[in-house]
$ cat work.cif   # mmCIF, C-alpha atoms and all ligand atoms
data_run
loop_
_atom_site.group_PDB
_atom_site.id
_atom_site.type_symbol
_atom_site.label_atom_id
_atom_site.label_comp_id
_atom_site.auth_asym_id
_atom_site.auth_seq_id
_atom_site.Cartn_x
_atom_site.Cartn_y
_atom_site.Cartn_z
ATOM 1 C CA MET Z 1 16.175 15.816 7.594
ATOM 2 C CA ALA Z 2 16.070 15.086 3.885
ATOM 3 C CA ARG Z 3 16.929 18.171 1.894
ATOM 4 C CA GLN Z 4 14.725 17.348 -1.053
ATOM 5 C CA ASN Z 5 12.329 19.453 -3.029
ATOM 6 C CA LEU Z 6 12.974 22.725 -1.325
ATOM 7 C CA PHE Z 7 11.652 25.967 -2.767
ATOM 8 C CA ILE Z 8 12.158 29.642 -2.142
ATOM 9 C CA GLY Z 9 9.044 31.801 -2.232
ATOM 10 C CA ILE Z 10 9.457 35.560 -2.615
ATOM 11 C CA ASP Z 11 6.480 37.862 -2.123
ATOM 12 C CA LEU Z 12 7.338 41.222 -3.652
ATOM 13 C CA GLY Z 13 5.075 43.891 -2.197
ATOM 14 C CA GLY Z 14 4.952 47.656 -2.570
ATOM 15 C CA THR Z 15 6.306 48.118 0.974
ATOM 16 C CA LYS Z 16 7.971 44.857 1.962
ATOM 17 C CA ILE Z 17 9.605 41.769 0.540
ATOM 18 C CA SER Z 18 8.810 38.502 2.338
ATOM 19 C CA THR Z 19 10.941 35.492 1.551
ATOM 20 C CA ALA Z 20 10.693 31.921 2.800
ATOM 21 C CA LEU Z 21 12.368 28.571 2.358
ATOM 22 C CA VAL Z 22 9.552 26.062 1.955
ATOM 23 C CA ASP Z 23 9.316 22.315 1.436
ATOM 24 C CA ALA Z 24 6.994 20.634 -1.073
ATOM 25 C CA ALA Z 25 4.329 20.139 1.610
ATOM 26 C CA GLY Z 26 4.208 23.871 2.321
ATOM 27 C CA ARG Z 27 6.143 23.772 5.585
ATOM 28 C CA ILE Z 28 8.124 26.960 6.146
ATOM 29 C CA ILE Z 29 11.728 26.209 7.089
ATOM 30 C CA GLY Z 30 13.195 29.700 7.083
ATOM 31 C CA ARG Z 31 12.033 33.275 6.652
ATOM 32 C CA ASP Z 32 13.317 36.718 5.822
ATOM 33 C CA TYR Z 33 11.654 40.122 5.754
ATOM 34 C CA CYS Z 34 12.994 43.344 4.350
ATOM 35 C CA GLN Z 35 11.677 46.683 3.130
ATOM 36 C CA THR Z 36 11.065 47.070 -0.606
ATOM 37 C CA GLN Z 37 12.173 50.720 -0.718
ATOM 38 C CA ALA Z 38 10.749 50.898 -4.212
ATOM 39 C CA ALA Z 39 11.829 54.541 -4.543
ATOM 40 C CA GLU Z 40 15.464 53.380 -4.824
ATOM 41 C CA GLY Z 41 14.653 51.858 -8.190
ATOM 42 C CA ARG Z 42 14.259 48.423 -9.618
ATOM 43 C CA ARG Z 43 17.910 47.399 -9.589
ATOM 44 C CA ALA Z 44 18.158 47.939 -5.812
ATOM 45 C CA VAL Z 45 14.883 46.086 -5.248
ATOM 46 C CA VAL Z 46 15.970 43.072 -7.318
ATOM 47 C CA GLU Z 47 19.254 43.019 -5.388
ATOM 48 C CA ARG Z 48 17.333 42.973 -2.094
ATOM 49 C CA MET Z 49 15.230 40.043 -3.333
ATOM 50 C CA VAL Z 50 18.357 38.120 -4.324
ATOM 51 C CA ASP Z 51 20.054 38.906 -0.982
ATOM 52 C CA ALA Z 52 16.973 37.735 0.903
ATOM 53 C CA ALA Z 53 16.976 34.434 -0.997
ATOM 54 C CA ARG Z 54 20.686 33.992 -0.201
ATOM 55 C CA ARG Z 55 20.048 34.691 3.491
ATOM 56 C CA VAL Z 56 17.377 31.963 3.807
ATOM 57 C CA MET Z 57 19.695 29.518 2.008
ATOM 58 C CA ASP Z 58 22.674 30.453 4.207
ATOM 59 C CA GLU Z 59 20.664 30.014 7.374
ATOM 60 C CA ALA Z 60 19.645 26.521 6.307
ATOM 61 C CA ASP Z 61 23.181 25.780 5.111
ATOM 62 C CA LEU Z 62 22.002 25.204 1.548
ATOM 63 C CA ALA Z 63 23.678 25.711 -1.804
ATOM 64 C CA PRO Z 64 21.633 26.993 -4.765
ATOM 65 C CA ALA Z 65 21.871 23.551 -6.394
ATOM 66 C CA GLN Z 66 19.869 22.126 -3.465
ATOM 67 C CA VAL Z 67 16.909 24.395 -4.159
ATOM 68 C CA THR Z 68 14.454 23.081 -6.753
ATOM 69 C CA ALA Z 69 13.029 26.444 -7.837
ATOM 70 C CA VAL Z 70 12.290 29.997 -6.836
ATOM 71 C CA GLY Z 71 8.756 31.342 -7.088
ATOM 72 C CA VAL Z 72 8.100 35.072 -7.153
ATOM 73 C CA GLY Z 73 4.736 36.664 -6.524
ATOM 74 C CA SER Z 74 4.701 40.177 -7.907
ATOM 75 C CA PRO Z 75 2.112 42.938 -8.110
ATOM 76 C CA GLY Z 76 0.452 42.730 -11.515
ATOM 77 C CA PRO Z 77 0.190 43.125 -14.365
ATOM 78 C CA ILE Z 78 2.840 40.617 -15.326
ATOM 79 C CA ASP Z 79 3.393 38.117 -18.112
ATOM 80 C CA SER Z 80 3.903 34.810 -16.323
ATOM 81 C CA ARG Z 81 4.980 33.056 -19.516
ATOM 82 C CA THR Z 82 7.934 35.351 -20.175
ATOM 83 C CA GLY Z 83 8.483 36.268 -16.525
ATOM 84 C CA VAL Z 84 8.239 39.984 -17.199
ATOM 85 C CA VAL Z 85 6.700 42.496 -14.809
ATOM 86 C CA THR Z 86 4.768 44.831 -17.097
ATOM 87 C CA THR Z 87 3.628 48.000 -15.292
ATOM 88 C CA PRO Z 88 2.693 47.509 -11.624
ATOM 89 C CA PRO Z 89 1.031 50.649 -10.228
ATOM 90 C CA ASN Z 90 2.700 50.351 -6.808
ATOM 91 C CA LEU Z 91 6.278 49.849 -8.054
ATOM 92 C CA PRO Z 92 7.171 53.145 -9.698
ATOM 93 C CA GLY Z 93 9.666 52.892 -12.567
ATOM 94 C CA TRP Z 94 8.987 49.200 -13.186
ATOM 95 C CA LYS Z 95 8.160 48.930 -16.846
ATOM 96 C CA ASN Z 96 8.793 45.621 -18.622
ATOM 97 C CA VAL Z 97 11.260 44.299 -16.049
ATOM 98 C CA PRO Z 98 12.426 40.737 -16.889
ATOM 99 C CA LEU Z 99 12.265 39.731 -13.213
ATOM 100 C CA LYS Z 100 12.361 35.956 -13.778
ATOM 101 C CA GLN Z 101 15.546 36.254 -15.834
ATOM 102 C CA LEU Z 102 17.242 38.709 -13.451
ATOM 103 C CA ILE Z 103 16.660 36.483 -10.405
ATOM 104 C CA GLU Z 104 17.555 33.316 -12.275
ATOM 105 C CA GLU Z 105 20.855 34.818 -13.420
ATOM 106 C CA ALA Z 106 21.750 36.158 -9.982
ATOM 107 C CA LEU Z 107 20.911 33.001 -8.025
ATOM 108 C CA GLY Z 108 21.467 30.262 -10.594
ATOM 109 C CA ILE Z 109 18.122 28.692 -9.690
ATOM 110 C CA THR Z 110 15.166 28.187 -12.054
ATOM 111 C CA THR Z 111 12.676 30.953 -11.271
ATOM 112 C CA PHE Z 112 8.966 31.373 -11.956
ATOM 113 C CA LEU Z 113 6.874 34.530 -11.797
ATOM 114 C CA GLU Z 114 3.176 34.923 -11.102
ATOM 115 C CA ASN Z 115 1.019 37.892 -10.184
ATOM 116 C CA ASP Z 116 0.343 38.031 -6.465
ATOM 117 C CA ALA Z 117 -3.406 37.403 -6.661
ATOM 118 C CA ASN Z 118 -3.051 34.323 -8.875
ATOM 119 C CA ALA Z 119 -0.192 33.120 -6.684
ATOM 120 C CA ALA Z 120 -2.385 33.483 -3.593
ATOM 121 C CA ALA Z 121 -5.135 31.469 -5.306
ATOM 122 C CA LEU Z 122 -2.624 28.731 -6.111
ATOM 123 C CA GLY Z 123 -1.291 28.870 -2.538
ATOM 124 C CA GLU Z 124 -4.724 28.438 -0.934
ATOM 125 C CA HIS Z 125 -5.472 25.671 -3.421
ATOM 126 C CA ARG Z 126 -2.297 23.664 -2.827
ATOM 127 C CA PHE Z 127 -1.614 24.340 0.853
ATOM 128 C CA GLY Z 128 -4.651 26.075 2.362
ATOM 129 C CA ALA Z 129 -8.446 26.144 2.412
ATOM 130 C CA GLY Z 130 -8.878 24.781 -1.113
ATOM 131 C CA GLN Z 131 -6.899 21.549 -0.948
ATOM 132 C CA GLY Z 132 -8.372 18.817 -3.133
ATOM 133 C CA VAL Z 133 -10.995 21.105 -4.687
ATOM 134 C CA GLN Z 134 -11.381 21.194 -8.481
ATOM 135 C CA ASN Z 135 -13.214 24.499 -8.979
ATOM 136 C CA MET Z 136 -12.397 27.335 -6.632
ATOM 137 C CA ILE Z 137 -12.562 31.107 -6.654
ATOM 138 C CA TYR Z 138 -10.073 32.966 -4.498
ATOM 139 C CA VAL Z 139 -10.859 36.523 -3.499
ATOM 140 C CA THR Z 140 -8.703 38.910 -1.561
ATOM 141 C CA ALA Z 141 -10.631 41.745 0.039
ATOM 142 C CA SER Z 142 -8.473 44.483 1.541
ATOM 143 C CA THR Z 143 -7.640 48.010 0.344
ATOM 144 C CA GLY Z 144 -8.303 46.616 -3.139
ATOM 145 C CA ILE Z 145 -10.081 43.506 -4.357
ATOM 146 C CA GLY Z 146 -8.250 40.846 -6.319
ATOM 147 C CA GLY Z 147 -8.649 37.219 -7.096
ATOM 148 C CA GLY Z 148 -7.748 34.106 -8.963
ATOM 149 C CA LEU Z 149 -9.653 31.298 -10.618
ATOM 150 C CA ILE Z 150 -8.823 27.630 -10.160
ATOM 151 C CA LEU Z 151 -10.817 25.706 -12.774
ATOM 152 C CA ASN Z 152 -10.540 21.950 -13.271
ATOM 153 C CA GLY Z 153 -7.748 21.939 -10.706
ATOM 154 C CA GLN Z 154 -5.604 24.506 -12.494
ATOM 155 C CA LEU Z 155 -5.094 28.232 -12.514
ATOM 156 C CA TYR Z 156 -7.116 29.819 -15.290
ATOM 157 C CA SER Z 157 -5.163 32.847 -16.466
ATOM 158 C CA GLY Z 158 -6.911 33.706 -19.725
ATOM 159 C CA THR Z 159 -5.535 34.755 -23.087
ATOM 160 C CA THR Z 160 -3.061 37.374 -21.859
ATOM 161 C CA GLY Z 161 -2.810 36.395 -18.193
ATOM 162 C CA ALA Z 162 -5.388 38.962 -17.117
ATOM 163 C CA ALA Z 163 -8.146 36.580 -16.011
ATOM 164 C CA GLY Z 164 -9.381 36.673 -12.440
ATOM 165 C CA GLU Z 165 -9.545 40.465 -12.083
ATOM 166 C CA ILE Z 166 -12.567 40.040 -9.874
ATOM 167 C CA GLY Z 167 -12.206 43.526 -8.404
ATOM 168 C CA HIS Z 168 -12.929 45.127 -11.755
ATOM 169 C CA ILE Z 169 -16.226 43.504 -12.625
ATOM 170 C CA THR Z 170 -18.697 46.341 -13.208
ATOM 171 C CA VAL Z 171 -21.550 46.028 -10.730
ATOM 172 C CA LEU Z 172 -22.905 49.597 -10.843
ATOM 173 C CA PRO Z 173 -22.402 51.157 -14.309
ATOM 174 C CA TRP Z 174 -22.472 54.795 -13.164
ATOM 175 C CA GLY Z 175 -21.127 54.166 -9.687
ATOM 176 C CA PRO Z 176 -18.003 55.615 -8.063
ATOM 177 C CA TYR Z 177 -14.817 55.889 -10.103
ATOM 178 C CA CYS Z 178 -12.333 53.058 -9.745
ATOM 179 C CA GLY Z 179 -8.530 53.266 -9.769
ATOM 180 C CA CYS Z 180 -8.603 51.409 -13.108
ATOM 181 C CA GLY Z 181 -10.507 54.254 -14.802
ATOM 182 C CA ASN Z 182 -13.854 52.481 -15.002
ATOM 183 C CA ARG Z 183 -16.856 53.308 -12.815
ATOM 184 C CA GLY Z 184 -18.737 51.103 -10.376
ATOM 185 C CA CYS Z 185 -16.205 48.262 -10.261
ATOM 186 C CA LEU Z 186 -16.567 45.815 -7.391
ATOM 187 C CA GLU Z 187 -13.375 47.306 -5.974
ATOM 188 C CA ALA Z 188 -14.901 50.797 -6.024
ATOM 189 C CA LEU Z 189 -17.882 49.527 -3.997
ATOM 190 C CA ALA Z 190 -16.670 46.764 -1.687
ATOM 191 C CA SER Z 191 -12.972 47.365 -0.891
ATOM 192 C CA GLY Z 192 -11.482 48.889 2.234
ATOM 193 C CA THR Z 193 -10.876 52.014 0.168
ATOM 194 C CA ALA Z 194 -14.580 52.164 -0.749
ATOM 195 C CA ILE Z 195 -15.666 51.675 2.880
ATOM 196 C CA ALA Z 196 -13.328 54.460 4.026
ATOM 197 C CA ARG Z 197 -14.659 56.756 1.259
ATOM 198 C CA GLU Z 198 -18.272 56.230 2.365
ATOM 199 C CA GLY Z 199 -17.347 56.866 6.002
ATOM 200 C CA ARG Z 200 -15.428 59.995 5.062
ATOM 201 C CA GLU Z 201 -18.420 61.275 3.116
ATOM 202 C CA LEU Z 202 -20.657 61.044 6.192
ATOM 203 C CA VAL Z 203 -18.140 62.965 8.266
ATOM 204 C CA ARG Z 204 -17.827 65.625 5.559
ATOM 205 C CA ARG Z 205 -21.598 66.070 5.430
ATOM 206 C CA GLY Z 206 -21.701 66.474 9.207
ATOM 207 C CA VAL Z 207 -23.849 63.413 9.854
ATOM 208 C CA PRO Z 208 -23.631 62.722 13.587
ATOM 209 C CA THR Z 209 -22.082 59.245 13.831
ATOM 210 C CA LEU Z 210 -19.571 57.392 15.934
ATOM 211 C CA ILE Z 211 -17.366 57.452 12.832
ATOM 212 C CA ALA Z 212 -17.079 61.235 13.145
ATOM 213 C CA GLU Z 213 -16.439 60.937 16.867
ATOM 214 C CA LEU Z 214 -13.688 58.338 16.453
ATOM 215 C CA ALA Z 215 -12.080 60.445 13.719
ATOM 216 C CA ALA Z 216 -12.364 63.600 15.851
ATOM 217 C CA GLY Z 217 -14.362 65.199 13.049
ATOM 218 C CA ASP Z 218 -11.510 64.894 10.533
ATOM 219 C CA PRO Z 219 -12.675 63.087 7.368
ATOM 220 C CA GLU Z 220 -9.068 62.337 6.415
ATOM 221 C CA LEU Z 221 -8.670 60.133 9.493
ATOM 222 C CA VAL Z 222 -11.484 57.773 8.467
ATOM 223 C CA THR Z 223 -10.283 54.292 7.515
ATOM 224 C CA ALA Z 224 -12.125 51.031 6.881
ATOM 225 C CA ARG Z 225 -10.850 49.804 10.228
ATOM 226 C CA LEU Z 226 -12.319 52.854 11.955
ATOM 227 C CA VAL Z 227 -15.703 52.276 10.261
ATOM 228 C CA ALA Z 228 -15.592 48.635 11.425
ATOM 229 C CA GLU Z 229 -14.781 49.780 14.958
ATOM 230 C CA ALA Z 230 -17.756 52.163 14.941
ATOM 231 C CA ALA Z 231 -19.979 49.355 13.632
ATOM 232 C CA ASP Z 232 -18.843 47.032 16.431
ATOM 233 C CA LYS Z 233 -19.696 49.729 18.969
ATOM 234 C CA GLY Z 234 -23.262 49.850 17.639
ATOM 235 C CA ASP Z 235 -23.153 52.742 15.153
ATOM 236 C CA ILE Z 236 -26.036 52.160 12.728
ATOM 237 C CA GLU Z 237 -24.558 54.278 9.912
ATOM 238 C CA ALA Z 238 -21.277 52.368 10.063
ATOM 239 C CA GLN Z 239 -23.124 49.052 10.100
ATOM 240 C CA GLU Z 240 -25.054 50.117 7.003
ATOM 241 C CA ILE Z 241 -21.879 51.128 5.139
ATOM 242 C CA LEU Z 242 -20.372 47.704 5.818
ATOM 243 C CA ALA Z 243 -23.574 45.804 5.028
ATOM 244 C CA GLU Z 244 -23.929 47.617 1.719
ATOM 245 C CA ALA Z 245 -20.278 47.122 0.748
ATOM 246 C CA MET Z 246 -20.316 43.419 1.619
ATOM 247 C CA THR Z 247 -23.632 42.951 -0.190
ATOM 248 C CA TYR Z 248 -21.912 44.316 -3.302
ATOM 249 C CA LEU Z 249 -19.135 41.802 -2.719
ATOM 250 C CA GLY Z 250 -21.818 39.103 -2.566
ATOM 251 C CA VAL Z 251 -23.455 40.412 -5.745
ATOM 252 C CA GLY Z 252 -20.128 40.007 -7.527
ATOM 253 C CA MET Z 253 -19.705 36.518 -6.072
ATOM 254 C CA ALA Z 254 -23.248 35.510 -7.112
ATOM 255 C CA SER Z 255 -22.345 36.298 -10.741
ATOM 256 C CA LEU Z 256 -19.168 34.237 -10.419
ATOM 257 C CA VAL Z 257 -21.186 31.369 -8.962
ATOM 258 C CA ASN Z 258 -23.454 31.471 -12.022
ATOM 259 C CA LEU Z 259 -20.480 31.678 -14.382
ATOM 260 C CA PHE Z 260 -18.229 29.026 -12.892
ATOM 261 C CA ASN Z 261 -20.396 26.854 -10.620
ATOM 262 C CA PRO Z 262 -17.485 26.580 -8.126
ATOM 263 C CA GLU Z 263 -17.358 24.245 -5.183
ATOM 264 C CA LEU Z 264 -15.574 26.755 -3.012
ATOM 265 C CA ILE Z 265 -15.080 30.496 -2.652
ATOM 266 C CA VAL Z 266 -12.095 31.317 -0.443
ATOM 267 C CA ILE Z 267 -11.965 34.882 0.847
ATOM 268 C CA GLY Z 268 -8.760 36.320 2.297
ATOM 269 C CA GLY Z 269 -7.413 39.801 2.985
ATOM 270 C CA GLY Z 270 -7.752 42.340 5.774
ATOM 271 C CA LEU Z 271 -11.522 42.791 5.498
ATOM 272 C CA THR Z 272 -12.085 39.161 6.579
ATOM 273 C CA LYS Z 273 -11.193 40.324 10.105
ATOM 274 C CA MET Z 274 -14.811 41.581 10.155
ATOM 275 C CA GLY Z 275 -15.967 37.957 10.257
ATOM 276 C CA GLU Z 276 -19.749 37.641 9.892
ATOM 277 C CA ARG Z 277 -20.062 41.270 8.805
ATOM 278 C CA LEU Z 278 -18.324 40.118 5.633
ATOM 279 C CA PHE Z 279 -19.359 36.476 5.281
ATOM 280 C CA GLY Z 280 -23.026 36.979 6.253
ATOM 281 C CA PRO Z 281 -23.971 39.435 3.466
ATOM 282 C CA VAL Z 282 -21.840 37.538 0.915
ATOM 283 C CA ARG Z 283 -23.549 34.210 1.667
ATOM 284 C CA ARG Z 284 -27.004 35.834 1.660
ATOM 285 C CA ALA Z 285 -26.404 37.587 -1.682
ATOM 286 C CA ILE Z 286 -25.325 34.292 -3.246
ATOM 287 C CA GLU Z 287 -28.389 32.500 -1.837
ATOM 288 C CA ARG Z 288 -30.732 35.179 -3.134
ATOM 289 C CA ARG Z 289 -29.186 35.838 -6.536
ATOM 290 C CA ALA Z 290 -27.359 32.803 -7.904
ATOM 291 C CA PHE Z 291 -29.127 29.854 -9.518
ATOM 292 C CA PRO Z 292 -30.281 27.636 -6.641
ATOM 293 C CA PRO Z 293 -28.396 24.452 -7.642
ATOM 294 C CA ALA Z 294 -25.149 26.428 -8.048
ATOM 295 C CA ALA Z 295 -25.796 28.431 -4.846
ATOM 296 C CA ARG Z 296 -26.373 25.213 -2.890
ATOM 297 C CA ALA Z 297 -23.184 23.650 -4.254
ATOM 298 C CA VAL Z 298 -20.807 26.397 -3.166
ATOM 299 C CA ARG Z 299 -19.206 26.932 0.226
ATOM 300 C CA VAL Z 300 -17.824 30.342 1.173
ATOM 301 C CA VAL Z 301 -14.903 30.028 3.596
ATOM 302 C CA PRO Z 302 -12.111 32.193 5.019
ATOM 303 C CA ALA Z 303 -8.590 31.777 3.660
ATOM 304 C CA ALA Z 304 -6.354 29.512 5.730
ATOM 305 C CA LEU Z 305 -2.806 30.728 5.104
ATOM 306 C CA GLY Z 306 -2.985 34.177 6.710
ATOM 307 C CA ASP Z 307 0.091 36.319 6.172
ATOM 308 C CA ASP Z 308 1.989 33.352 4.704
ATOM 309 C CA VAL Z 309 -0.218 33.312 1.602
ATOM 310 C CA GLY Z 310 2.307 35.492 -0.282
ATOM 311 C CA VAL Z 311 5.359 33.253 0.105
ATOM 312 C CA LEU Z 312 3.407 29.976 -0.035
ATOM 313 C CA GLY Z 313 1.523 31.244 -3.092
ATOM 314 C CA ALA Z 314 4.808 32.056 -4.827
ATOM 315 C CA VAL Z 315 6.008 28.497 -4.157
ATOM 316 C CA ALA Z 316 2.693 27.008 -5.323
ATOM 317 C CA ALA Z 317 2.999 29.061 -8.526
ATOM 318 C CA ALA Z 318 6.516 27.695 -9.109
ATOM 319 C CA ILE Z 319 5.305 24.119 -8.577
ATOM 320 C CA ALA Z 320 2.326 24.646 -10.928
ATOM 321 C CA GLN Z 321 4.478 26.191 -13.667
ATOM 322 C CA MET Z 322 7.086 23.429 -13.359
ATOM 323 C CA ALA Z 323 4.337 20.838 -13.738
ATOM 324 C CA ALA Z 324 2.976 22.636 -16.796
ATOM 325 C CA GLY Z 325 6.387 22.393 -18.475
ATOM 326 C CA PRO Z 326 8.107 24.942 -20.703
ATOM 327 C CA PRO Z 327 5.864 27.433 -22.531
HETATM 328 ZN ZN ZN C 1 -11.827 48.947 -11.677
#
$ encode --input "work.cif" --output "structure tokens"
Amino acid sequence: MARQNLFIGIDLGGTKISTALVDAAGRIIGRDYCQTQAAEGRRAVVERMVDAARRVMDEADLAPAQVTAVGVGSPGPIDSRTGVVTTPPNLPGWKNVPLKQLIEEALGITTFLENDANAAALGEHRFGAGQGVQNMIYVTASTGIGGGLILNGQLYSGTTGAAGEIGHITVLPWGPYCGCGNRGCLEALASGTAIAREGRELVRRGVPTLIAELAAGDPELVTARLVAEAADKGDIEAQEILAEAMTYLGVGMASLVNLFNPELIVIGGGLTKMGERLFGPVRRAIERRAFPPAARAVRVVPAALGDDVGVLGAVAAAIAQMAAGPP
């Protein structure tokens, strides 16, 4: 096998680090998983990332010189131009960490950094559901809501790299508080966290639902998954919570359709396991609210890369930044 154009993708998460050796076509040649153990501090975490990269190289019998580049997807906010992780909320103690430089120095391989949501958008665009598409919106819907914008075939990252924060579009000005400090963000209305909050509220108020039954009456045990389970078993209240949350998601998407006139919206993340309960309300909201020519032009599809989106996105980010040349 020709050992050409090989990349290492590292997906740095709050709980685990996934690493893969990947070829330029997105085929995964080797993998490694380890715990982040963020509480041990940033130096230990960076060391674990470097060790993981060395393990996938060792297993494939590769020297660093045979690897074209390393891509790292990190929780935001980051500065992709300087390769610095600014202040990620789920990596305590990480303030202005020059991650690109640290990994580059340890491995001796050119390294690129991108925030995980943008990296995932690039991954789906290069290797997944968005191949060949010029204008695409990527949305991840799980405990939070994130996203990335591919415009004219390239990642649009804005003036300071903060573009694509789809989860923090205000859709209900005096709605529930969001983790970002604002109120009524899409994330505060349509995320797994928002669904769990609504379910918990019903249990607290003593509304007789299957949600309460499944949680044995304890509001703290209510999760989005539990609400979805109750909905699948026919619970009307649970079905309404999901329909409302996913309609909000669609309301947000309808605005994006009017703004960007995309060809494709790719939705990934844990909530997509709900299938039509997610895609139905989103498609209907776009049909009802967006300008008809733009609404007709867009397809809303599930993400294609599954759990590999992190590592493949990191590689896609490295390839995109290499192509863009030095800043
Ligand atoms: Zn917010």
$ residues_near_ligand --input "work.cif" --ligand "ligand ZN 1 (chain C)" --cutoff "7 Å" --atoms "all atoms listed in the file" --output "VMD selection string"
chain Z and resid 167 to 168 178 to 183 185 187 to 188
$ write_last_selection --input "work.cif" --atoms "C-alpha atoms" --output "short mmCIF file (atom, residue, chain, number, x, y, z; two decimals), in the coordinates of the input"
data_model
loop_
_atom_site.label_atom_id
_atom_site.label_comp_id
_atom_site.auth_asym_id
_atom_site.auth_seq_id
_atom_site.Cartn_x
_atom_site.Cartn_y
_atom_site.Cartn_z
CA GLY Z 167 -12.21 43.53 -8.40
CA HIS Z 168 -12.93 45.13 -11.76
CA CYS Z 178 -12.33 53.06 -9.74
CA GLY Z 179 -8.53 53.27 -9.77
CA CYS Z 180 -8.60 51.41 -13.11
CA GLY Z 181 -10.51 54.25 -14.80
CA ASN Z 182 -13.85 52.48 -15.00
CA ARG Z 183 -16.86 53.31 -12.82
CA CYS Z 185 -16.20 48.26 -10.26
CA GLU Z 187 -13.38 47.31 -5.97
CA ALA Z 188 -14.90 50.80 -6.02
#
$ resolve_selection --input "work.cif" --expression "the PyMOL selection byres (((chain Z and resi 10) around 10) and not hetatm)" --output "VMD selection string"
chain Z and resid 7 to 9 11 to 13 17 to 21 31 to 33 49 to 50 52 to 53 70 to 74 113 310 to 315
$ resolve_selection --input "work.cif" --expression "the PyMOL selection byres (((chain Z and resi 134) around 7) and not hetatm)" --output "PDB file with C-alpha atoms, keeping the file's coordinate frame"
ATOM      1  CA  GLY Z 132      -8.372  18.817  -3.133  1.00  0.00           C
ATOM      2  CA  VAL Z 133     -10.995  21.105  -4.687  1.00  0.00           C
ATOM      3  CA  ASN Z 135     -13.214  24.499  -8.979  1.00  0.00           C
ATOM      4  CA  MET Z 136     -12.397  27.335  -6.632  1.00  0.00           C
ATOM      5  CA  LEU Z 151     -10.817  25.706 -12.774  1.00  0.00           C
ATOM      6  CA  ASN Z 152     -10.540  21.950 -13.271  1.00  0.00           C
ATOM      7  CA  GLY Z 153      -7.748  21.939 -10.706  1.00  0.00           C
TER       8      GLY Z 153
END
$ atom_distance --input "work.cif" --atom1 "atom CA of Ala224 of chain Z" --atom2 "atom CA of Val139 of chain Z"
17.9 Å
$ resolve_selection --input "work.cif" --expression "the PyMOL selection byres (((chain Z and resi 304) around 9) and not hetatm)" --output "count of residues only"
13
$ closest_residue --input "work.cif" --among "Z:Gly93, Z:Gly14, Z:Pro75, Z:Pro64" --to "Arg42 of chain Z" --atoms "all atoms listed in the file"
Z:Gly93
$ atom_distance --input "work.cif" --atom1 "atom CA of Leu155 of chain Z" --atom2 "atom CA of Asn115 of chain Z"
11.7 Å
$ closest_residue --input "work.cif" --among "Z:Asn96, Z:Val227, Z:Arg81, Z:Asp116" --to "Thr159 of chain Z" --atoms "all atoms listed in the file"
Z:Arg81
$ atom_distance --input "work.cif" --atom1 "atom CA of Leu99 of chain Z" --atom2 "atom CA of Asp61 of chain Z"
25.5 Å
$ axis_aligned_box --input "work.cif" --around "segment 50-57 of chain Z" --padding-each-side "3 Å" --output "AutoDock Vina command-line options"
--center_x 18.8 --center_y 34.2 --center_z -0.3 --size_x 9.7 --size_y 15.4 --size_z 14.1
$ residues_around --input "work.cif" --residues "Arg197 of chain Z" --least-positions-apart "2" --cutoff "12 Å" --atoms "all atoms listed in the file" --output "ChimeraX atom specification"
/Z:143,176-178,187-195,199-204,211,219-227,238,241-242,245
$ closest_residue --input "work.cif" --among "Z:Gly108, Z:Gly83, Z:Gly147, Z:Gly123" --to "Arg54 of chain Z" --atoms "all atoms listed in the file"
Z:Gly108
$ closest_residue --input "work.cif" --among "Z:Gly41, Z:Gly275, Z:Gly164, Z:Gly252" --to "Tyr138 of chain Z" --atoms "only C-alpha atoms"
Z:Gly164
$ closest_residue --input "work.cif" --among "Z:Ala230, Z:Leu264, Z:Leu271, Z:Val251" --to "Ala215 of chain Z" --atoms "all atoms listed in the file"
Z:Ala230
$ decode --input "work.cif" --residues "segment 119-126 of chain Z" --atoms "N, CA and C atoms" --output "compact mmCIF listing (two decimals), in the first residue's frame"
# COMPACT_ATOMS: atom_id res chain seq x y z
N ALA Z 119 -14.89 21.88 12.39
CA ALA Z 119 -14.21 20.70 11.88
C ALA Z 119 -15.23 19.67 11.40
N ALA Z 120 -16.29 19.48 12.18
CA ALA Z 120 -17.33 18.51 11.78
C ALA Z 120 -17.99 18.94 10.47
N ALA Z 121 -18.22 20.24 10.31
CA ALA Z 121 -18.80 20.74 9.05
C ALA Z 121 -17.87 20.43 7.89
N LEU Z 122 -16.59 20.67 8.09
CA LEU Z 122 -15.60 20.37 7.03
C LEU Z 122 -15.53 18.87 6.75
N GLY Z 123 -15.64 18.06 7.81
CA GLY Z 123 -15.61 16.61 7.66
C GLY Z 123 -16.79 16.10 6.84
N GLU Z 124 -18.00 16.56 7.17
CA GLU Z 124 -19.18 16.12 6.41
C GLU Z 124 -19.10 16.63 4.98
N HIS Z 125 -18.49 17.80 4.79
CA HIS Z 125 -18.39 18.35 3.45
C HIS Z 125 -17.39 17.57 2.59
N ARG Z 126 -16.25 17.24 3.16
CA ARG Z 126 -15.22 16.56 2.36
C ARG Z 126 -15.48 15.06 2.22
